[in-house]
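> Sending over protein.cif (mmCIF, C-alpha atoms and all ligand atoms).
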```
data_final
#
loop_
_atom_site.label_atom_id
_atom_site.label_comp_id
_atom_site.auth_asym_id
_atom_site.auth_seq_id
_atom_site.Cartn_x
_atom_site.Cartn_y
_atom_site.Cartn_z
CA MET C 1 12.93 16.20 -52.92
CA GLU C 2 11.98 18.25 -55.96
CA ALA C 3 11.09 15.40 -58.26
CA VAL C 4 8.26 14.10 -56.14
CA MET C 5 7.21 17.31 -54.48
CA ASN C 6 6.43 19.16 -57.68
CA PHE C 7 3.04 19.35 -59.26
CA GLN C 8 2.01 21.07 -62.46
CA ARG C 9 1.91 24.71 -61.36
CA PRO C 10 0.21 27.04 -63.83
CA LEU C 11 2.41 29.58 -65.58
CA PHE C 12 1.38 33.14 -64.93
CA THR C 13 0.04 35.02 -67.95
CA LEU C 14 -1.82 38.29 -68.42
CA ASP C 15 -5.04 36.30 -68.11
CA ASN C 16 -4.58 34.65 -64.74
CA LEU C 17 -3.21 37.27 -62.37
CA GLU C 18 -6.38 37.53 -60.31
CA LEU C 19 -5.83 37.65 -56.55
CA VAL C 20 -8.05 36.21 -53.84
CA THR C 21 -8.03 36.52 -50.05
CA VAL C 22 -8.05 33.65 -47.57
CA LYS C 23 -8.83 34.75 -44.01
CA VAL C 24 -7.03 32.36 -41.74
CA GLY C 25 -7.67 31.38 -38.13
CA LYS C 26 -9.71 32.95 -35.33
CA ASP C 27 -8.03 36.31 -36.04
CA ALA C 28 -8.99 36.07 -39.73
CA THR C 29 -5.46 36.97 -40.83
CA PRO C 30 -5.79 38.00 -44.50
CA CYS C 31 -3.56 36.07 -46.92
CA VAL C 32 -3.66 37.29 -50.51
CA LEU C 33 -2.80 34.67 -53.14
CA HIS C 34 -2.96 34.06 -56.87
CA LYS C 35 -6.25 32.35 -57.60
CA ALA C 36 -4.88 30.28 -60.49
CA LEU C 37 -2.15 28.74 -58.35
CA LEU C 38 -4.41 28.11 -55.37
CA CYS C 39 -7.12 26.51 -57.51
CA ALA C 40 -4.63 24.30 -59.36
CA ALA C 41 -3.54 22.81 -56.04
CA SER C 42 -6.88 22.34 -54.35
CA LYS C 43 -10.36 21.24 -55.45
CA PHE C 44 -11.80 22.97 -52.40
CA PHE C 45 -10.51 26.39 -53.46
CA GLU C 46 -11.35 25.64 -57.10
CA ASN C 47 -14.97 25.08 -56.10
CA ALA C 48 -15.05 28.06 -53.75
CA PHE C 49 -13.56 30.59 -56.15
CA ASN C 50 -14.78 29.31 -59.51
CA GLY C 51 -18.23 28.16 -58.47
CA ASN C 52 -21.41 30.15 -58.07
CA PHE C 53 -20.91 30.73 -54.38
CA LYS C 54 -20.73 34.05 -52.65
CA GLU C 55 -17.00 33.39 -52.05
CA ALA C 56 -16.43 33.51 -55.80
CA HIS C 57 -18.07 36.93 -56.11
CA GLU C 58 -16.37 38.32 -53.02
CA ARG C 59 -13.04 36.63 -53.86
CA GLU C 60 -12.70 35.75 -50.21
CA VAL C 61 -12.81 32.55 -48.13
CA LYS C 62 -12.70 32.22 -44.35
CA LEU C 63 -10.83 29.27 -42.80
CA GLU C 64 -11.49 29.81 -39.11
CA GLU C 65 -10.37 26.38 -37.94
CA VAL C 66 -6.96 26.50 -39.66
CA ASP C 67 -3.90 27.55 -37.72
CA PHE C 68 -1.92 30.37 -39.33
CA LYS C 69 1.35 28.42 -39.03
CA THR C 70 -0.18 25.58 -41.06
CA PHE C 71 -1.46 27.96 -43.72
CA ALA C 72 1.92 29.70 -43.90
CA MET C 73 3.62 26.34 -44.54
CA PHE C 74 1.00 25.64 -47.21
CA MET C 75 1.72 29.01 -48.89
CA ASN C 76 5.46 28.40 -48.81
CA TRP C 77 4.94 25.05 -50.47
CA LEU C 78 2.51 26.52 -53.01
CA TYR C 79 4.92 29.23 -54.18
CA TYR C 80 8.35 27.75 -53.45
CA SER C 81 7.64 23.97 -53.46
CA THR C 82 9.35 23.59 -50.11
CA PHE C 83 8.23 23.63 -46.50
CA SER C 84 9.43 26.04 -43.84
CA PHE C 85 9.76 23.90 -40.74
CA GLY C 86 12.41 26.03 -39.06
CA ASP C 87 15.65 25.07 -37.36
CA GLU C 88 13.87 23.77 -34.28
CA CYS C 89 12.70 20.78 -36.33
CA PHE C 90 16.21 19.62 -37.22
CA PRO C 91 18.31 18.22 -34.35
CA LYS C 92 21.77 19.71 -34.00
CA ASP C 93 23.10 16.72 -32.09
CA VAL C 94 21.47 13.48 -33.21
CA LYS C 95 22.98 11.56 -30.31
CA ASN C 96 21.24 13.79 -27.78
CA LYS C 97 18.13 11.70 -27.31
CA ALA C 98 15.89 14.29 -25.61
CA ALA C 99 16.76 17.14 -27.97
CA SER C 100 16.53 15.09 -31.14
CA THR C 101 13.25 13.50 -30.01
CA LEU C 102 11.84 17.00 -29.47
CA ALA C 103 13.03 18.20 -32.88
CA PHE C 104 11.80 15.19 -34.85
CA ASN C 105 8.42 15.17 -33.14
CA LYS C 106 7.99 18.89 -33.89
CA ARG C 107 8.63 18.12 -37.52
CA PHE C 108 6.30 15.11 -37.52
CA ASN C 109 3.54 17.23 -35.99
CA TYR C 110 3.90 20.02 -38.56
CA ILE C 111 3.77 17.39 -41.30
CA LEU C 112 0.62 15.96 -39.74
CA ASP C 113 -0.92 19.44 -39.68
CA LEU C 114 -0.17 19.72 -43.40
CA SER C 115 -1.50 16.26 -44.16
CA VAL C 116 -4.76 16.98 -42.32
CA PHE C 117 -5.00 20.29 -44.20
CA ALA C 118 -4.40 18.46 -47.50
CA ASP C 119 -7.20 15.99 -46.76
CA ARG C 120 -9.63 18.63 -45.54
CA TYR C 121 -9.08 21.00 -48.46
CA ASP C 122 -8.73 18.35 -51.12
CA CYS C 123 -5.15 18.98 -52.11
CA PRO C 124 -3.52 15.67 -53.21
CA PRO C 125 -0.15 17.19 -54.27
CA LEU C 126 0.28 18.64 -50.79
CA HIS C 127 -0.52 15.25 -49.28
CA THR C 128 2.23 13.71 -51.41
CA ALA C 129 4.69 16.45 -50.46
CA ALA C 130 3.86 15.95 -46.77
CA LEU C 131 4.35 12.21 -47.16
CA CYS C 132 7.80 12.73 -48.71
CA ALA C 133 8.76 15.08 -45.88
CA TRP C 134 7.58 12.42 -43.43
CA GLN C 135 9.68 9.75 -45.14
CA GLU C 136 12.72 12.05 -45.11
CA ALA C 137 12.22 12.51 -41.37
CA GLU C 138 11.84 8.74 -40.84
CA ILE C 139 15.09 8.11 -42.66
CA SER C 140 16.99 10.83 -40.77
CA MET C 141 15.59 9.57 -37.50
CA LEU C 142 17.22 6.17 -38.01
CA LYS C 143 20.59 7.88 -37.64
CA SER C 144 19.63 9.47 -34.34
CA ASP C 145 18.71 8.27 -30.87
CA ALA C 146 15.30 9.93 -31.15
CA THR C 147 12.00 8.16 -30.68
CA ILE C 148 8.55 9.01 -31.93
CA GLU C 149 6.30 10.17 -29.11
CA THR C 150 3.07 8.41 -28.18
CA GLU C 151 1.06 11.62 -28.79
CA THR C 152 2.46 11.86 -32.32
CA ILE C 153 1.55 8.23 -33.05
CA HIS C 154 -1.97 8.77 -31.76
CA ARG C 155 -2.41 11.82 -33.97
CA VAL C 156 -1.62 9.68 -37.03
CA PHE C 157 -4.45 7.35 -36.08
CA ASN C 158 -6.96 9.87 -34.76
CA GLU C 159 -6.63 12.48 -37.47
CA LEU C 160 -5.83 10.62 -40.69
CA PRO C 161 -8.28 8.27 -42.45
CA ASN C 162 -7.16 4.66 -42.92
CA THR C 163 -6.94 5.34 -46.66
CA SER C 164 -4.23 7.95 -46.01
CA SER C 165 -0.92 6.96 -47.62
CA LEU C 166 0.95 8.73 -44.83
CA ARG C 167 -0.83 6.58 -42.27
CA GLN C 168 -0.09 3.40 -44.26
CA GLU C 169 3.55 4.43 -44.57
CA PHE C 170 3.71 4.99 -40.83
CA VAL C 171 2.35 1.50 -40.13
CA LYS C 172 4.94 -0.09 -42.36
CA TRP C 173 7.74 1.91 -40.82
CA ALA C 174 6.52 1.24 -37.28
CA ALA C 175 6.19 -2.47 -37.95
CA THR C 176 9.64 -2.73 -39.47
CA SER C 177 11.66 -0.28 -37.39
CA LEU C 178 10.04 0.47 -34.08
CA VAL C 179 8.52 -2.78 -33.01
CA ASN C 180 11.38 -3.35 -30.57
CA LYS C 181 10.35 -0.29 -28.57
CA GLY C 182 7.30 -2.14 -27.20
CA LEU C 183 3.73 -2.03 -28.39
CA ASP C 184 2.24 -0.09 -25.47
CA ASN C 185 2.79 3.20 -27.28
CA TYR C 186 0.65 2.25 -30.25
CA PRO C 187 -3.13 2.52 -30.51
CA ALA C 188 -4.87 -0.84 -30.91
CA SER C 189 -5.81 -0.19 -34.53
CA CYS C 190 -2.15 0.51 -35.31
CA VAL C 191 -1.01 -2.74 -33.70
CA VAL C 192 -3.55 -4.68 -35.77
CA GLU C 193 -2.29 -3.06 -38.98
CA MET C 194 1.34 -3.61 -37.97
CA PHE C 195 0.69 -7.31 -37.50
CA LYS C 196 -0.88 -7.50 -40.95
CA VAL C 197 2.32 -6.04 -42.37
CA LEU C 198 4.46 -8.51 -40.44
CA GLN C 199 2.22 -11.37 -41.46
CA GLU C 200 2.83 -10.50 -45.09
CA ALA C 201 6.55 -10.56 -44.44
CA PHE C 202 6.76 -13.79 -42.46
CA LEU C 203 3.83 -15.99 -43.26
CA ASP C 204 3.87 -15.83 -47.03
CA LYS C 205 4.27 -18.92 -49.20
CA LYS C 206 8.02 -19.10 -48.93
CA GLY C 207 8.46 -19.59 -45.21
CA VAL C 208 10.96 -17.83 -42.98
CA ASN C 209 14.16 -19.69 -43.67
CA ASP C 210 14.93 -19.04 -47.32
CA TRP C 211 15.69 -15.34 -46.94
CA PRO C 212 17.35 -13.49 -44.09
CA VAL C 213 14.57 -11.94 -42.11
CA TYR C 214 16.26 -8.55 -41.97
CA GLY C 215 16.43 -8.61 -45.76
CA ARG C 216 12.70 -8.99 -45.94
CA TYR C 217 12.29 -6.21 -43.48
CA ARG C 218 14.46 -3.85 -45.41
CA ASN C 219 12.76 -4.74 -48.64
CA LEU C 220 9.36 -4.36 -47.12
CA TRP C 221 9.97 -0.81 -46.02
CA VAL C 222 12.49 0.53 -48.50
CA GLU C 223 10.83 -1.05 -51.52
CA SER C 224 7.51 0.43 -50.50
CA LEU C 225 8.72 4.01 -50.07
CA CYS C 226 7.89 5.03 -53.64
CA GLU C 227 4.74 2.95 -53.72
CA HIS C 228 3.36 5.27 -51.06
CA HIS C 229 4.25 8.66 -52.50
CA GLY C 230 4.02 7.72 -56.19
CA HIS C 231 5.80 9.02 -59.31
CA VAL C 232 4.52 10.31 -62.61
CA SER C 233 7.34 8.78 -64.65
CA GLU C 234 10.16 6.22 -64.55
CA GLN C 235 12.67 9.05 -64.69
CA GLU C 236 11.15 10.77 -61.68
CA ALA C 237 11.29 7.49 -59.76
CA ALA C 238 14.95 7.08 -60.71
CA GLU C 239 15.69 10.54 -59.33
CA CYS C 240 13.67 10.07 -56.16
CA SER C 241 15.80 11.40 -53.31
CA VAL C 242 13.81 9.53 -50.66
CA ARG C 243 14.66 6.22 -52.27
CA LYS C 244 18.23 7.20 -53.04
CA ARG C 245 18.98 7.82 -49.41
CA ALA C 246 17.17 4.92 -47.85
CA PRO C 247 18.94 1.73 -48.96
CA TYR C 248 22.43 2.80 -48.02
CA LEU C 249 21.94 3.45 -44.38
CA GLY C 250 24.29 1.36 -42.30
CA GLU C 251 22.18 2.19 -39.28
CA THR C 252 19.07 0.68 -40.84
CA GLU C 253 21.06 -2.41 -41.57
CA ARG C 254 22.29 -2.64 -37.98
CA ARG C 255 18.83 -2.25 -36.51
CA LEU C 256 17.34 -4.73 -38.92
CA ARG C 257 19.96 -7.32 -38.08
CA ALA C 258 19.19 -6.83 -34.39
CA LEU C 259 15.49 -7.24 -35.12
CA ASP C 260 16.28 -10.30 -37.16
CA GLU C 261 17.83 -11.90 -34.10
CA VAL C 262 14.80 -11.05 -31.94
CA PHE C 263 12.41 -12.58 -34.44
CA ARG C 264 14.49 -15.67 -35.07
CA SER C 265 14.68 -16.42 -31.36
CA THR C 266 10.92 -15.82 -31.03
CA ILE C 267 10.26 -18.21 -33.88
CA ARG C 268 12.65 -20.79 -32.37
CA SER C 269 11.00 -20.59 -28.94
CA ASN C 270 7.54 -20.92 -30.52
CA GLN C 271 8.62 -24.00 -32.40
CA GLY C 272 10.20 -25.59 -29.34
ZN ZN N 1 10.10 7.88 -54.65
#
```
In structure tokens, how does this file's structure come out?

Amino acid sequence: MEAVMNFQRPLFTLDNLELVTVKVGKDATPCVLHKALLCAASKFFENAFNGNFKEAHEREVKLEEVDFKTFAMFMNWLYYSTFSFGDECFPKDVKNKAASTLAFNKRFNYILDLSVFADRYDCPPLHTAALCAWQEAEISMLKSDATIETETIHRVFNELPNTSSLRQEFVKWAATSLVNKGLDNYPASCVVEMFKVLQEAFLDKKGVNDWPVYGRYRNLWVESLCEHHGHVSEQEAAECSVRKRAPYLGETERRLRALDEVFRSTIRSNQG
């Protein structure tokens, strides 16, 4: 994960040790942080603490509408460049459908909390880190019997703007991996976007017969993983753990072949 989850954190020196307080949630839980680190990650905090606002003089910002759990995950990421989802977000038995569905959806929802936080407080590196965590979860989920819950899917569409790379990644993944679960669980706007993705895959200039359909599917999703979270250098892309894990999954292959069959028979019946 490290390669893509890192951003340029400032080194501490004698000149940038100033501390500020963020009061989080309805209880205004005080969280004391290094201003330099906080401001490097987020334009919102940069403006609040380095501008001419009263927050800058008082060295204090109130975030009433933020859940403490979300802010704690943000702090962990800020200082340790990792999230703290907890064991309950990682299924012990991936073949236990109910338990693994619960665990994965917990993780997806925490990631969504972080992504919404990143958008609201103008923190692009956190958005990227959340996206990578989401992709990791997608990839692990392929090896389990878990499904993504309708409520989780609706959160993606209700709470993230359509410019969100996490939302775009979800559409691509849903279109290429989950379409066989039925479309009833998806909001209408998601279905429209999924069909656009599939259109690209099937109705491009080459036609459907010159490439195995599952191959296109796999390419479509796997090849686009890095496009969504981005890399600062070729070397970082080469070390990307999300990409490294994705192409070798036998399970992905199996599902894609099954999907291939479904689509081929649909195409055949439409032609006949
Ligand atoms: Zn990557």
> So that I can see what lies close to Phe157 (chain C), please list as a list in words the residues with an atom at most 9 Å from it, counting only C-alpha atoms and leaving out residues fewer than 6 positions away in the same chain.
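The contact residues come out as Arg167, Pro187, Ser189 and Cys190 of chain C.
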> Do a neighbour search on Val191 (chain C) at 10 Å with only C-alpha atoms, toss out local chain neighbours closer than 6 positions, and write the hits as a VMD selection string.
chain C and resid 171 174 to 175 179 183 to 185 197
> Let me have all residues with an atom within 7 Å of ligand ZN 1 (chain N), counting all atoms listed in the file, laid out as a list of chain:residue names.
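Counting only what the definition allows, namely all atoms listed in the file, the set is C:Val4, C:Leu225, C:Cys226, C:His229, C:Gly230, C:His231, C:Ala237, C:Cys240, C:Ser241, C:Val242, C:Arg243.
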> Can you write out the residues you just picked, keeping C-alpha atoms, as a JSON list (two decimals), keeping the file's coordinate frame?

```json
[["chain", "number", "residue", "atom", "x", "y", "z"],
["C", 4, "VAL", "CA", 8.26, 14.10, -56.14],
["C", 225, "LEU", "CA", 8.72, 4.01, -50.07],
["C", 226, "CYS", "CA", 7.89, 5.03, -53.64],
["C", 229, "HIS", "CA", 4.25, 8.66, -52.50],
["C", 230, "GLY", "CA", 4.02, 7.72, -56.19],
["C", 231, "HIS", "CA", 5.80, 9.02, -59.31],
["C", 237, "ALA", "CA", 11.29, 7.49, -59.76],
["C", 240, "CYS", "CA", 13.67, 10.07, -56.16],
["C", 241, "SER", "CA", 15.80, 11.40, -53.31],
["C", 242, "VAL", "CA", 13.81, 9.53, -50.66],
["C", 243, "ARG", "CA", 14.66, 6.22, -52.27]]
```
> For CA of Pro10 (chain C) and CA of Gly86 (chain C), determine how far apart the two atoms are, in Å to one decimal place.
27.6 Å
> Can you find the residues with an atom no farther than 9 Å from (0.9, 17.6, -53.3), counting only C-alpha atoms, and report them as a list in words?
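Residues lying no farther than 9 Å from the given point: Val4, Met5, Asn6, Phe7, Ala41, Trp77, Ala118, Cys123, Pro124, Pro125, Leu126, His127, Thr128, Ala129, Ala130 and Leu131 of chain C.
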> Quick one, how far is CA of Lys35 (chain C) from CA of Ala133 (chain C)?
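CA of Lys35 (chain C) sits 25.7 Å away from CA of Ala133 (chain C).
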> Near Leu166 (chain C), within 8 Å and counting all atoms listed in the file, which residues show up once chain neighbours fewer than 5 positions away are dropped, as number ranges by chain?
C: 115, 131, 134, 228
> Just checking: using only C-alpha atoms, which residue out of C:Lys43, C:His34, C:Arg268, C:Lys244 ends up closest to Asp119 (chain C)?
C:Lys43
> If you measure from CA of Leu17 (chain C) to CA of Val232 (chain C), what distance in Å do you get, rounded to one decimal?
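Between these atoms lies a distance of 28.0 Å.
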> Identify which of the residues C:Tyr186, C:Phe85, C:Phe53, C:Phe90 lies closest to Ile148 (chain C), counting only C-alpha atoms when measuring atom-to-atom distances.
C:Tyr186
> Fewer than 5 positions away in the same chain doesn't count, so skip those; otherwise give me all residues within 12 Å of Val32 (chain C), counting all atoms listed in the file, as a ChimeraX atom specification.
/C:17-24,37-38,59-61,71-72,75
> From the options C:Gln235, C:Asn109, C:Asn76, C:Thr150, which residue's atoms come nearest to Cys89 (chain C), counting only C-alpha atoms?
C:Asn109
> Which polymer residues, protein or nucleic acid, are no farther than 6 Å from (15.1, 6.5, -29.1), counting only C-alpha atoms, as a PyMOL selection string?
chain C and resi 145-147
> Can you list, as an MDAnalysis selection string, every protein, DNA or RNA residue that comes within 9 Å of Ser144 (chain C) when you count all atoms listed in the file, leaving out same-chain residues fewer than 5 positions away?
chainID C and resid 91 93:97 100:101
